[in-house]
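S.K.: If it helps, the file is called input29.csv and holds CSV, C-alpha atoms:
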```
chain,number,residue,atom,x,y,z
B,23,GLY,CA,87.7,100.6,106.0
B,24,GLU,CA,90.7,102.2,104.4
B,25,ASN,CA,91.7,100.8,101.0
B,26,VAL,CA,94.0,101.2,98.0
B,27,GLU,CA,92.6,100.6,94.5
B,28,GLN,CA,95.0,99.7,91.7
B,29,HIS,CA,94.4,99.7,88.0
B,30,PRO,CA,94.7,98.0,85.6
B,31,SER,CA,94.9,94.5,87.0
B,32,THR,CA,96.7,93.3,83.8
B,33,LEU,CA,98.7,95.4,81.3
B,34,SER,CA,100.3,94.2,78.1
B,35,VAL,CA,102.7,96.5,76.2
B,36,GLN,CA,105.2,96.2,73.4
B,37,GLU,CA,108.9,96.4,74.2
B,38,GLY,CA,110.0,100.0,74.1
B,39,ASP,CA,106.5,101.4,74.9
B,40,SER,CA,105.6,103.1,78.2
B,41,ALA,CA,103.5,101.5,80.9
B,42,VAL,CA,101.4,103.4,83.5
B,43,ILE,CA,99.8,101.9,86.6
B,44,LYS,CA,97.5,104.0,88.8
B,45,CYS,CA,96.5,103.8,92.4
B,46,THR,CA,93.9,105.6,94.5
B,47,TYR,CA,93.9,105.7,98.3
B,48,SER,CA,91.3,106.6,100.8
B,49,ASP,CA,93.2,107.4,104.0
B,50,SER,CA,94.0,111.1,104.0
B,51,ALA,CA,96.6,110.5,106.6
B,52,SER,CA,98.7,108.5,104.2
B,53,ASN,CA,102.1,110.1,103.8
B,54,TYR,CA,104.4,107.4,102.2
B,55,PHE,CA,103.7,105.6,98.9
B,56,PRO,CA,106.1,102.8,97.9
B,57,TRP,CA,106.0,100.6,94.8
B,58,TYR,CA,107.0,97.0,94.7
B,59,LYS,CA,107.9,94.6,91.9
B,60,GLN,CA,107.3,90.9,92.3
B,61,GLU,CA,108.9,88.5,89.9
B,62,LEU,CA,107.6,84.9,89.6
B,63,GLY,CA,108.4,82.8,92.7
B,64,LYS,CA,110.0,85.7,94.6
B,65,GLY,CA,109.1,88.2,97.3
B,66,PRO,CA,108.1,91.8,96.4
B,67,GLN,CA,111.0,94.2,96.0
B,68,LEU,CA,110.9,97.9,96.6
B,69,ILE,CA,111.6,99.7,93.4
B,70,ILE,CA,110.7,103.3,94.1
B,71,ASP,CA,108.9,105.4,96.7
B,72,ILE,CA,107.5,108.9,97.3
B,73,ARG,CA,106.6,110.9,100.3
B,74,SER,CA,103.7,113.2,100.7
B,75,ASN,CA,105.8,116.4,100.5
B,76,VAL,CA,107.0,115.5,97.0
B,77,GLY,CA,105.0,115.5,93.8
B,78,GLU,CA,107.2,113.5,91.5
B,79,LYS,CA,110.3,111.3,91.8
B,80,LYS,CA,112.3,109.6,89.0
B,81,ASP,CA,114.9,106.8,89.0
B,82,GLN,CA,116.2,106.0,85.5
B,83,ARG,CA,113.3,104.5,83.5
B,84,ILE,CA,110.8,104.5,86.4
B,85,ALA,CA,109.0,107.5,87.9
B,86,VAL,CA,106.2,108.0,90.4
B,87,THR,CA,103.8,110.9,90.6
B,88,LEU,CA,101.6,111.9,93.5
B,89,ASN,CA,98.5,114.0,93.6
B,90,LYS,CA,97.5,114.4,97.3
B,91,THR,CA,94.4,116.5,96.6
B,92,ALA,CA,93.0,113.8,94.4
B,93,LYS,CA,94.5,111.0,96.5
B,94,HIS,CA,96.1,109.2,93.7
B,95,PHE,CA,99.6,108.2,92.6
B,96,SER,CA,101.0,106.5,89.5
B,97,LEU,CA,104.0,104.5,88.4
B,98,HIS,CA,105.4,105.2,85.0
B,99,ILE,CA,107.9,102.9,83.3
B,100,THR,CA,109.4,104.2,80.0
B,101,GLU,CA,111.2,102.2,77.3
B,102,THR,CA,109.9,98.9,78.7
B,103,GLN,CA,112.0,95.8,78.5
B,104,PRO,CA,111.0,92.1,78.8
B,105,GLU,CA,112.7,92.0,82.2
B,106,ASP,CA,110.1,94.5,83.4
B,107,SER,CA,107.5,91.8,83.2
B,108,ALA,CA,106.3,91.2,86.7
B,109,VAL,CA,103.5,92.0,89.2
B,110,TYR,CA,103.6,95.5,90.5
B,111,PHE,CA,102.1,96.5,93.8
B,112,CYS,CA,101.4,100.0,95.1
B,113,ALA,CA,100.9,100.8,98.8
B,114,ALA,CA,99.9,103.7,101.0
B,115,SER,CA,101.3,104.0,104.5
B,116,SER,CA,100.4,106.1,107.5
B,117,ARG,CA,101.8,106.3,111.0
B,118,THR,CA,99.1,108.6,112.3
B,119,GLY,CA,96.9,106.9,114.9
B,120,GLY,CA,98.9,103.7,114.7
B,121,PHE,CA,100.7,101.7,112.2
B,122,LYS,CA,98.9,101.1,108.8
B,123,THR,CA,100.2,100.1,105.4
B,124,ILE,CA,97.7,99.0,102.8
B,125,PHE,CA,98.6,97.3,99.5
B,126,GLY,CA,96.8,97.5,96.2
B,127,ALA,CA,95.8,94.2,94.6
B,128,GLY,CA,98.6,94.3,92.0
B,129,THR,CA,99.1,94.8,88.3
B,130,ARG,CA,100.5,92.0,86.1
B,131,LEU,CA,102.6,93.7,83.5
B,132,PHE,CA,103.6,91.8,80.3
B,133,VAL,CA,106.2,93.3,78.0
B,134,LYS,CA,106.2,91.6,74.6
B,135,ALA,CA,109.5,91.4,72.8
V,5,ASN,CA,123.7,90.8,104.6
V,6,ALA,CA,121.3,88.0,103.9
V,7,GLY,CA,118.3,90.3,104.3
V,8,VAL,CA,115.1,88.5,105.3
V,9,THR,CA,115.4,84.7,105.4
V,10,GLN,CA,112.3,82.5,105.4
V,11,THR,CA,112.1,78.7,106.0
V,12,PRO,CA,110.8,76.4,104.7
V,13,LYS,CA,110.2,77.4,101.1
V,14,PHE,CA,107.5,74.8,100.6
V,15,ARG,CA,105.4,72.7,102.9
V,16,ILE,CA,102.3,70.5,102.7
V,17,LEU,CA,100.3,70.1,105.8
V,18,LYS,CA,97.3,67.9,106.6
V,19,ILE,CA,94.2,69.4,108.1
V,20,GLY,CA,94.6,69.8,111.9
V,21,GLN,CA,98.4,69.7,111.8
V,22,SER,CA,100.5,72.6,113.2
V,23,MET,CA,103.7,74.2,112.0
V,24,THR,CA,105.9,77.2,112.5
V,25,LEU,CA,107.1,79.4,109.7
V,26,GLN,CA,110.5,80.8,110.5
V,27,CYS,CA,111.6,84.4,109.6
V,28,ALA,CA,114.9,86.0,110.4
V,29,GLN,CA,116.5,89.4,109.4
V,30,ASP,CA,120.0,90.6,109.9
V,31,MET,CA,119.5,94.3,109.1
V,32,ASN,CA,118.7,95.3,112.7
V,33,HIS,CA,115.2,96.4,111.6
V,34,ASN,CA,112.7,97.2,114.4
V,35,TYR,CA,109.6,96.4,112.4
V,36,MET,CA,108.7,93.0,111.2
V,37,TYR,CA,105.5,91.7,109.4
V,38,TRP,CA,103.8,88.6,108.2
V,39,TYR,CA,101.6,88.7,105.1
V,40,ARG,CA,99.7,86.1,103.2
V,41,GLN,CA,99.2,86.3,99.4
V,42,ASP,CA,96.4,84.3,97.8
V,43,PRO,CA,96.5,83.6,94.1
V,44,GLY,CA,95.9,86.7,92.0
V,45,MET,CA,95.4,88.8,95.1
V,46,GLY,CA,97.3,91.4,97.0
V,47,LEU,CA,99.0,91.2,100.4
V,48,LYS,CA,97.0,90.8,103.6
V,49,LEU,CA,98.7,91.6,106.9
V,50,ILE,CA,98.5,88.8,109.5
V,51,TYR,CA,100.6,90.1,112.4
V,52,TYR,CA,103.3,92.7,112.9
V,53,SER,CA,105.8,93.7,115.5
V,54,VAL,CA,107.3,97.1,116.3
V,55,GLY,CA,110.1,95.6,118.4
V,56,ALA,CA,111.2,92.7,120.6
V,57,GLY,CA,108.4,91.7,122.9
V,58,ILE,CA,105.7,93.7,121.1
V,59,THR,CA,103.3,92.2,118.6
V,60,ASP,CA,99.9,93.2,117.2
V,61,LYS,CA,97.2,91.8,115.0
V,62,GLY,CA,96.8,92.8,111.4
V,63,GLU,CA,93.9,92.3,109.0
V,64,VAL,CA,93.6,88.5,109.1
V,65,PRO,CA,95.1,87.1,112.4
V,66,ASN,CA,92.6,84.3,113.0
V,67,GLY,CA,94.3,80.9,113.1
V,68,TYR,CA,97.8,82.3,113.6
V,69,ASN,CA,100.1,83.3,116.4
V,70,VAL,CA,103.4,85.1,116.6
V,71,SER,CA,106.2,85.9,119.0
V,72,ARG,CA,109.1,88.3,118.9
V,73,SER,CA,111.7,87.4,121.6
V,74,THR,CA,114.6,88.9,119.7
V,75,THR,CA,115.0,91.7,117.1
V,76,GLU,CA,116.1,89.2,114.5
V,77,ASP,CA,113.4,86.5,114.6
V,78,PHE,CA,109.7,86.6,114.1
V,79,PRO,CA,108.2,83.1,113.7
V,80,LEU,CA,104.6,82.6,112.6
V,81,ARG,CA,102.7,79.7,114.2
V,82,LEU,CA,99.8,77.9,112.6
V,83,GLU,CA,97.7,75.8,114.9
V,84,LEU,CA,95.1,73.3,113.6
V,85,ALA,CA,95.8,74.0,109.9
V,86,ALA,CA,92.8,74.5,107.6
V,87,PRO,CA,92.5,74.5,103.8
V,88,SER,CA,91.7,78.2,104.0
V,89,GLN,CA,95.3,78.7,105.1
V,90,THR,CA,96.7,77.5,101.8
V,91,SER,CA,98.6,80.5,100.6
V,92,VAL,CA,102.0,82.0,100.1
V,93,TYR,CA,103.4,83.6,103.2
V,94,PHE,CA,105.8,86.5,103.2
V,95,CYS,CA,107.8,87.9,106.0
V,96,ALA,CA,109.1,91.5,105.8
V,97,SER,CA,111.0,93.9,107.8
V,98,SER,CA,111.6,97.7,107.9
V,99,TYR,CA,113.6,100.2,109.9
V,100,SER,CA,111.0,102.3,111.7
V,101,SER,CA,110.8,106.0,111.0
V,102,ASP,CA,108.1,108.5,111.4
V,103,ARG,CA,108.1,109.3,107.7
V,104,GLY,CA,107.6,105.7,106.6
V,105,ASP,CA,109.9,103.0,105.3
V,106,GLY,CA,110.0,100.5,102.4
V,107,TYR,CA,109.9,96.9,103.3
V,108,THR,CA,112.4,94.2,102.7
V,109,PHE,CA,110.6,90.9,101.9
V,110,GLY,CA,111.7,87.4,102.2
V,111,SER,CA,111.3,84.9,99.3
V,112,GLY,CA,108.2,83.4,100.8
V,113,THR,CA,106.8,80.1,102.1
V,114,ARG,CA,104.3,78.2,99.9
V,115,LEU,CA,101.9,76.3,102.1
V,116,THR,CA,99.3,73.8,101.0
V,117,VAL,CA,96.8,72.4,103.5
V,118,VAL,CA,95.2,69.1,102.3
```
Can the structure from this file be put into structure tokens for me?

M.R.:
Amino acid sequence: GENVEQHPSTLSVQEGDSAVIKCTYSDSASNYFPWYKQELGKGPQLIIDIRSNVGEKKDQRIAVTLNKTAKHFSLHITETQPEDSAVYFCAASSRTGGFKTIFGAGTRLFVKA
Amino acid sequence: NAGVTQTPKFRILKIGQSMTLQCAQDMNHNYMYWYRQDPGMGLKLIYYSVGAGITDKGEVPNGYNVSRSTTEDFPLRLELAAPSQTSVYFCASSYSSDRGDGYTFGSGTRLTVV
């Protein structure tokens, strides 16, 4: 079946450093790629998304890149802060042939002060 | 806007008991979803709905039932609870579009079956 692989599962960085999380998807019909941040005890929250007709999108300290040929997309967080510590999920969504959104398994990010 | 509201936040059930997890959204979203999240794992889709009166199975529907009588509400019913249903349950909603939409999630219901 279709799946989304997310790496790494755990990432520890020093405050101020950059963090990169990578996802690979298998469904070539996927055309929408959101990223969610989940803080402890809370539901996931959408932080940034990208559509298949765009290669890169940036919002302040976070950016997402998409390579449709290679079927992978990445989340980049610059100048990390302790409040960035959370679990991050990528997802790939397709409306072709029916509804389908598949989530990655998540990356636990630790930002050390 | 309250967003997506889930109740209860916590619940302990005994094996064989039943319960309904409530979910309501006030954003006039057409799409609503139920996910479960097991410890250290990603999100698995249980059921989803594209509008009032329309529901469909997701990846892990066994042991659950849903209904969507209104746009706002999407309750999840557990019949004959089993230990394997111990999990955190998230309800989410989105405004449908052909180009895809991000989800708004509720804060979750932590369910333990003993």

S.K.: I need the residue nearest Tyr93 of chain V from this list: B:Lys90, B:Lys64, B:Lys80, B:Arg117. Use all atoms listed in the file for the distance.

M.R.: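 Among B:Lys90, B:Lys64, B:Lys80, B:Arg117, it is B:Lys64 that comes nearest to Tyr93 of chain V.
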
S.K.: Leaving out Thr129 of chain B and any residue of its chain fewer than 3 positions from it, which residues lie within 9 Å of it when counting all atoms listed in the file, given as JSON, numbers by chain?

M.R.: {"B": [28, 29, 30, 31, 32, 33, 43, 108, 109, 110, 111, 112, 126]}

S.K.: Provide as a JSON list (two decimals) with C-alpha atoms, in the frame of the given file the residues of chain V at most 12 Å from chain B, counting only C-alpha atoms.

M.R.:
```json
[["chain", "number", "residue", "atom", "x", "y", "z"],
["V", 7, "GLY", "CA", 118.30, 90.30, 104.30],
["V", 8, "VAL", "CA", 115.10, 88.50, 105.30],
["V", 9, "THR", "CA", 115.40, 84.70, 105.40],
["V", 10, "GLN", "CA", 112.30, 82.50, 105.40],
["V", 13, "LYS", "CA", 110.20, 77.40, 101.10],
["V", 14, "PHE", "CA", 107.50, 74.80, 100.60],
["V", 35, "TYR", "CA", 109.60, 96.40, 112.40],
["V", 36, "MET", "CA", 108.70, 93.00, 111.20],
["V", 37, "TYR", "CA", 105.50, 91.70, 109.40],
["V", 39, "TYR", "CA", 101.60, 88.70, 105.10],
["V", 40, "ARG", "CA", 99.70, 86.10, 103.20],
["V", 41, "GLN", "CA", 99.20, 86.30, 99.40],
["V", 42, "ASP", "CA", 96.40, 84.30, 97.80],
["V", 43, "PRO", "CA", 96.50, 83.60, 94.10],
["V", 44, "GLY", "CA", 95.90, 86.70, 92.00],
["V", 45, "MET", "CA", 95.40, 88.80, 95.10],
["V", 46, "GLY", "CA", 97.30, 91.40, 97.00],
["V", 47, "LEU", "CA", 99.00, 91.20, 100.40],
["V", 48, "LYS", "CA", 97.00, 90.80, 103.60],
["V", 49, "LEU", "CA", 98.70, 91.60, 106.90],
["V", 51, "TYR", "CA", 100.60, 90.10, 112.40],
["V", 52, "TYR", "CA", 103.30, 92.70, 112.90],
["V", 53, "SER", "CA", 105.80, 93.70, 115.50],
["V", 54, "VAL", "CA", 107.30, 97.10, 116.30],
["V", 59, "THR", "CA", 103.30, 92.20, 118.60],
["V", 60, "ASP", "CA", 99.90, 93.20, 117.20],
["V", 61, "LYS", "CA", 97.20, 91.80, 115.00],
["V", 62, "GLY", "CA", 96.80, 92.80, 111.40],
["V", 63, "GLU", "CA", 93.90, 92.30, 109.00],
["V", 92, "VAL", "CA", 102.00, 82.00, 100.10],
["V", 93, "TYR", "CA", 103.40, 83.60, 103.20],
["V", 94, "PHE", "CA", 105.80, 86.50, 103.20],
["V", 95, "CYS", "CA", 107.80, 87.90, 106.00],
["V", 96, "ALA", "CA", 109.10, 91.50, 105.80],
["V", 97, "SER", "CA", 111.00, 93.90, 107.80],
["V", 98, "SER", "CA", 111.60, 97.70, 107.90],
["V", 100, "SER", "CA", 111.00, 102.30, 111.70],
["V", 101, "SER", "CA", 110.80, 106.00, 111.00],
["V", 102, "ASP", "CA", 108.10, 108.50, 111.40],
["V", 103, "ARG", "CA", 108.10, 109.30, 107.70],
["V", 104, "GLY", "CA", 107.60, 105.70, 106.60],
["V", 105, "ASP", "CA", 109.90, 103.00, 105.30],
["V", 106, "GLY", "CA", 110.00, 100.50, 102.40],
["V", 107, "TYR", "CA", 109.90, 96.90, 103.30],
["V", 108, "THR", "CA", 112.40, 94.20, 102.70],
["V", 109, "PHE", "CA", 110.60, 90.90, 101.90],
["V", 110, "GLY", "CA", 111.70, 87.40, 102.20],
["V", 111, "SER", "CA", 111.30, 84.90, 99.30],
["V", 112, "GLY", "CA", 108.20, 83.40, 100.80],
["V", 113, "THR", "CA", 106.80, 80.10, 102.10],
["V", 114, "ARG", "CA", 104.30, 78.20, 99.90]]
```

S.K.: Pick out the residues sitting within 7 Å of segment 64-79 of chain V, and hand them over as an MDAnalysis selection string; count only C-alpha atoms, and ignore anything fewer than 5 positions along from it in its own chain.

M.R.: chainID V and resid 24:30 32 34 48:51 55:59

S.K.: I want to know what sits within 9 Å of Asp106 of chain B, based on all atoms listed in the file, with residues of the same chain fewer than 4 positions away left out; could you give that as a PyMOL selection string?

M.R.: chain B and resi 59+61+99+102+131-133

S.K.: Residues near Ala85 of chain V, anyone? I mean within 12 Å using all atoms listed in the file, not counting same-chain ones fewer than 5 positions away, as a PDB file with C-alpha atoms, keeping the file's coordinate frame.

M.R.:
```pdb
ATOM      1  CA  ARG V  15     105.400  72.700 102.900  1.00  0.00           C
ATOM      2  CA  ILE V  16     102.300  70.500 102.700  1.00  0.00           C
ATOM      3  CA  LEU V  17     100.300  70.100 105.800  1.00  0.00           C
ATOM      4  CA  LYS V  18      97.300  67.900 106.600  1.00  0.00           C
ATOM      5  CA  ILE V  19      94.200  69.400 108.100  1.00  0.00           C
ATOM      6  CA  GLY V  20      94.600  69.800 111.900  1.00  0.00           C
ATOM      7  CA  GLN V  21      98.400  69.700 111.800  1.00  0.00           C
ATOM      8  CA  SER V  22     100.500  72.600 113.200  1.00  0.00           C
ATOM      9  CA  MET V  23     103.700  74.200 112.000  1.00  0.00           C
ATOM     10  CA  THR V  24     105.900  77.200 112.500  1.00  0.00           C
ATOM     11  CA  ASN V  66      92.600  84.300 113.000  1.00  0.00           C
ATOM     12  CA  GLY V  67      94.300  80.900 113.100  1.00  0.00           C
ATOM     13  CA  TYR V  68      97.800  82.300 113.600  1.00  0.00           C
ATOM     14  CA  THR V  90      96.700  77.500 101.800  1.00  0.00           C
ATOM     15  CA  SER V  91      98.600  80.500 100.600  1.00  0.00           C
ATOM     16  CA  LEU V 115     101.900  76.300 102.100  1.00  0.00           C
ATOM     17  CA  THR V 116      99.300  73.800 101.000  1.00  0.00           C
ATOM     18  CA  VAL V 117      96.800  72.400 103.500  1.00  0.00           C
ATOM     19  CA  VAL V 118      95.200  69.100 102.300  1.00  0.00           C
TER      20      VAL V 118
END
```

S.K.: Using all atoms listed in the file, collect all residues at a distance of at most 6 Å from (107.8, 92.2, 73.9) as written in the file, then present them as an MDAnalysis selection string.

M.R.: chainID B and resid 36:37 104 133:135

S.K.: Between atom CA of Lys44 of chain B and atom CA of Ile84 of chain B, measure the distance and give it in Å to one decimal.

M.R.: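 Computing it gives 13.5 Å between the two atoms.
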
S.K.: What is the atom CA of Ala92 of chain B to atom CA of Asn25 of chain B distance in Å?

M.R.: 14.6 Å

S.K.: Just how far from atom CA of Gln60 of chain B is atom CA of Pro12 of chain V, in Å to one decimal?

M.R.: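 These two atoms are separated by 19.4 Å.
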
S.K.: My list of candidates is B:Asn75, B:Ser40, B:Thr91, B:Ser48. Which is closest to Glu24 of chain B when distances are computed with only C-alpha atoms?

M.R.: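 Looking at the shortest contact to Glu24 of chain B, the residue is B:Ser48.
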
S.K.: Set the distance at 7 Å and use all atoms listed in the file: which residues neighbour Ser96 of chain B once local chain neighbours fewer than 5 positions away are removed? I'd like the list as a list of chain:residue names.

M.R.: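 Contacts, in chain order: B:Val42, B:Ile43, B:Lys44, B:Cys45, B:Val86, B:Thr87, B:Leu88.
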
S.K.: Taking the block above, write segment 6-118 of chain V with C-alpha atoms as a JSON list (two decimals), in the first residue's frame.

M.R.:
```json
[["chain", "number", "residue", "atom", "x", "y", "z"],
["V", 6, "ALA", "CA", -13.56, 27.05, 19.43],
["V", 7, "GLY", "CA", -12.16, 24.96, 16.56],
["V", 8, "VAL", "CA", -12.46, 21.20, 17.15],
["V", 9, "THR", "CA", -13.72, 20.19, 20.58],
["V", 10, "GLN", "CA", -13.33, 16.65, 21.88],
["V", 11, "THR", "CA", -14.85, 15.17, 25.01],
["V", 12, "PRO", "CA", -13.96, 13.51, 27.30],
["V", 13, "LYS", "CA", -10.21, 14.21, 27.65],
["V", 14, "PHE", "CA", -9.56, 11.00, 29.58],
["V", 15, "ARG", "CA", -11.51, 7.79, 30.10],
["V", 16, "ILE", "CA", -10.88, 4.36, 31.59],
["V", 17, "LEU", "CA", -13.09, 1.56, 30.30],
["V", 18, "LYS", "CA", -13.41, -2.02, 31.36],
["V", 19, "ILE", "CA", -13.18, -4.75, 28.73],
["V", 20, "GLY", "CA", -16.55, -5.18, 27.03],
["V", 21, "GLN", "CA", -17.89, -1.76, 27.94],
["V", 22, "SER", "CA", -19.02, 0.73, 25.32],
["V", 23, "MET", "CA", -18.62, 4.47, 24.99],
["V", 24, "THR", "CA", -18.96, 7.36, 22.58],
["V", 25, "LEU", "CA", -16.20, 9.87, 21.97],
["V", 26, "GLN", "CA", -17.67, 13.22, 21.08],
["V", 27, "CYS", "CA", -16.30, 15.61, 18.46],
["V", 28, "ALA", "CA", -17.70, 18.95, 17.38],
["V", 29, "GLN", "CA", -16.34, 21.69, 15.09],
["V", 30, "ASP", "CA", -17.62, 25.20, 14.55],
["V", 31, "MET", "CA", -15.70, 26.10, 11.39],
["V", 32, "ASN", "CA", -18.31, 24.81, 8.93],
["V", 33, "HIS", "CA", -15.81, 22.25, 7.65],
["V", 34, "ASN", "CA", -17.19, 19.57, 5.37],
["V", 35, "TYR", "CA", -14.57, 16.91, 6.11],
["V", 36, "MET", "CA", -14.16, 15.29, 9.49],
["V", 37, "TYR", "CA", -11.86, 12.47, 10.60],
["V", 38, "TRP", "CA", -11.06, 10.17, 13.48],
["V", 39, "TYR", "CA", -7.47, 9.06, 14.08],
["V", 40, "ARG", "CA", -5.85, 6.96, 16.74],
["V", 41, "GLN", "CA", -2.29, 7.46, 17.89],
["V", 42, "ASP", "CA", -0.49, 4.67, 19.70],
["V", 43, "PRO", "CA", 2.61, 5.46, 21.80],
["V", 44, "GLY", "CA", 5.55, 6.48, 19.63],
["V", 45, "MET", "CA", 3.56, 5.86, 16.48],
["V", 46, "GLY", "CA", 1.99, 7.97, 13.79],
["V", 47, "LEU", "CA", -1.66, 8.60, 13.12],
["V", 48, "LYS", "CA", -3.93, 5.87, 11.82],
["V", 49, "LEU", "CA", -7.23, 6.82, 10.17],
["V", 50, "ILE", "CA", -10.26, 5.08, 11.67],
["V", 51, "TYR", "CA", -13.19, 6.69, 9.85],
["V", 52, "TYR", "CA", -13.83, 9.85, 7.91],
["V", 53, "SER", "CA", -16.78, 11.83, 6.59],
["V", 54, "VAL", "CA", -17.01, 14.14, 3.59],
["V", 55, "GLY", "CA", -20.31, 15.67, 4.71],
["V", 56, "ALA", "CA", -23.46, 15.13, 6.75],
["V", 57, "GLY", "CA", -24.88, 11.67, 6.15],
["V", 58, "ILE", "CA", -21.72, 10.34, 4.47],
["V", 59, "THR", "CA", -19.08, 8.27, 6.24],
["V", 60, "ASP", "CA", -16.40, 5.86, 5.10],
["V", 61, "LYS", "CA", -13.86, 3.50, 6.59],
["V", 62, "GLY", "CA", -10.23, 4.38, 7.00],
["V", 63, "GLU", "CA", -7.25, 2.17, 7.67],
["V", 64, "VAL", "CA", -8.30, 0.68, 11.04],
["V", 65, "PRO", "CA", -12.14, 0.72, 11.34],
["V", 66, "ASN", "CA", -12.71, -2.60, 13.13],
["V", 67, "GLY", "CA", -14.34, -2.20, 16.54],
["V", 68, "TYR", "CA", -15.58, 1.32, 15.84],
["V", 69, "ASN", "CA", -18.62, 3.01, 14.37],
["V", 70, "VAL", "CA", -19.40, 6.59, 13.40],
["V", 71, "SER", "CA", -22.33, 8.74, 12.36],
["V", 72, "ARG", "CA", -22.57, 12.22, 10.87],
["V", 73, "SER", "CA", -26.07, 13.60, 11.25],
["V", 74, "THR", "CA", -24.95, 17.24, 11.20],
["V", 75, "THR", "CA", -22.04, 19.17, 9.71],
["V", 76, "GLU", "CA", -20.79, 20.04, 13.20],
["V", 77, "ASP", "CA", -20.75, 16.67, 14.99],
["V", 78, "PHE", "CA", -18.90, 13.43, 14.31],
["V", 79, "PRO", "CA", -19.10, 11.00, 17.26],
["V", 80, "LEU", "CA", -17.03, 7.82, 17.42],
["V", 81, "ARG", "CA", -18.62, 4.78, 19.03],
["V", 82, "LEU", "CA", -16.65, 1.96, 20.63],
["V", 83, "GLU", "CA", -18.61, -1.24, 21.14],
["V", 84, "LEU", "CA", -17.24, -4.02, 23.34],
["V", 85, "ALA", "CA", -14.01, -2.26, 24.27],
["V", 86, "ALA", "CA", -10.79, -4.31, 24.04],
["V", 87, "PRO", "CA", -7.27, -3.62, 25.42],
["V", 88, "SER", "CA", -6.08, -3.14, 21.83],
["V", 89, "GLN", "CA", -8.21, 0.01, 21.70],
["V", 90, "THR", "CA", -6.11, 1.68, 24.39],
["V", 91, "SER", "CA", -4.84, 4.74, 22.55],
["V", 92, "VAL", "CA", -5.13, 8.48, 22.13],
["V", 93, "TYR", "CA", -7.95, 9.42, 19.78],
["V", 94, "PHE", "CA", -7.89, 12.60, 17.72],
["V", 95, "CYS", "CA", -10.73, 14.13, 15.81],
["V", 96, "ALA", "CA", -9.90, 16.53, 12.98],
["V", 97, "SER", "CA", -11.69, 18.57, 10.37],
["V", 98, "SER", "CA", -10.88, 20.33, 7.12],
["V", 99, "TYR", "CA", -12.59, 22.44, 4.50],
["V", 100, "SER", "CA", -12.68, 20.36, 1.38],
["V", 101, "SER", "CA", -10.97, 21.54, -1.75],
["V", 102, "ASP", "CA", -9.62, 19.73, -4.76],
["V", 103, "ARG", "CA", -6.15, 20.97, -4.00],
["V", 104, "GLY", "CA", -5.99, 19.59, -0.48],
["V", 105, "ASP", "CA", -6.36, 21.17, 2.94],
["V", 106, "GLY", "CA", -4.61, 21.14, 6.26],
["V", 107, "TYR", "CA", -6.42, 19.64, 9.21],
["V", 108, "THR", "CA", -7.53, 21.26, 12.44],
["V", 109, "PHE", "CA", -7.14, 18.73, 15.24],
["V", 110, "GLY", "CA", -8.85, 18.50, 18.58],
["V", 111, "SER", "CA", -6.84, 18.08, 21.78],
["V", 112, "GLY", "CA", -7.48, 14.35, 21.94],
["V", 113, "THR", "CA", -9.12, 11.73, 24.17],
["V", 114, "ARG", "CA", -6.82, 9.40, 26.08],
["V", 115, "LEU", "CA", -8.58, 6.05, 26.43],
["V", 116, "THR", "CA", -7.39, 3.15, 28.55],
["V", 117, "VAL", "CA", -9.15, -0.23, 28.39],
["V", 118, "VAL", "CA", -8.45, -2.50, 31.37]]
```
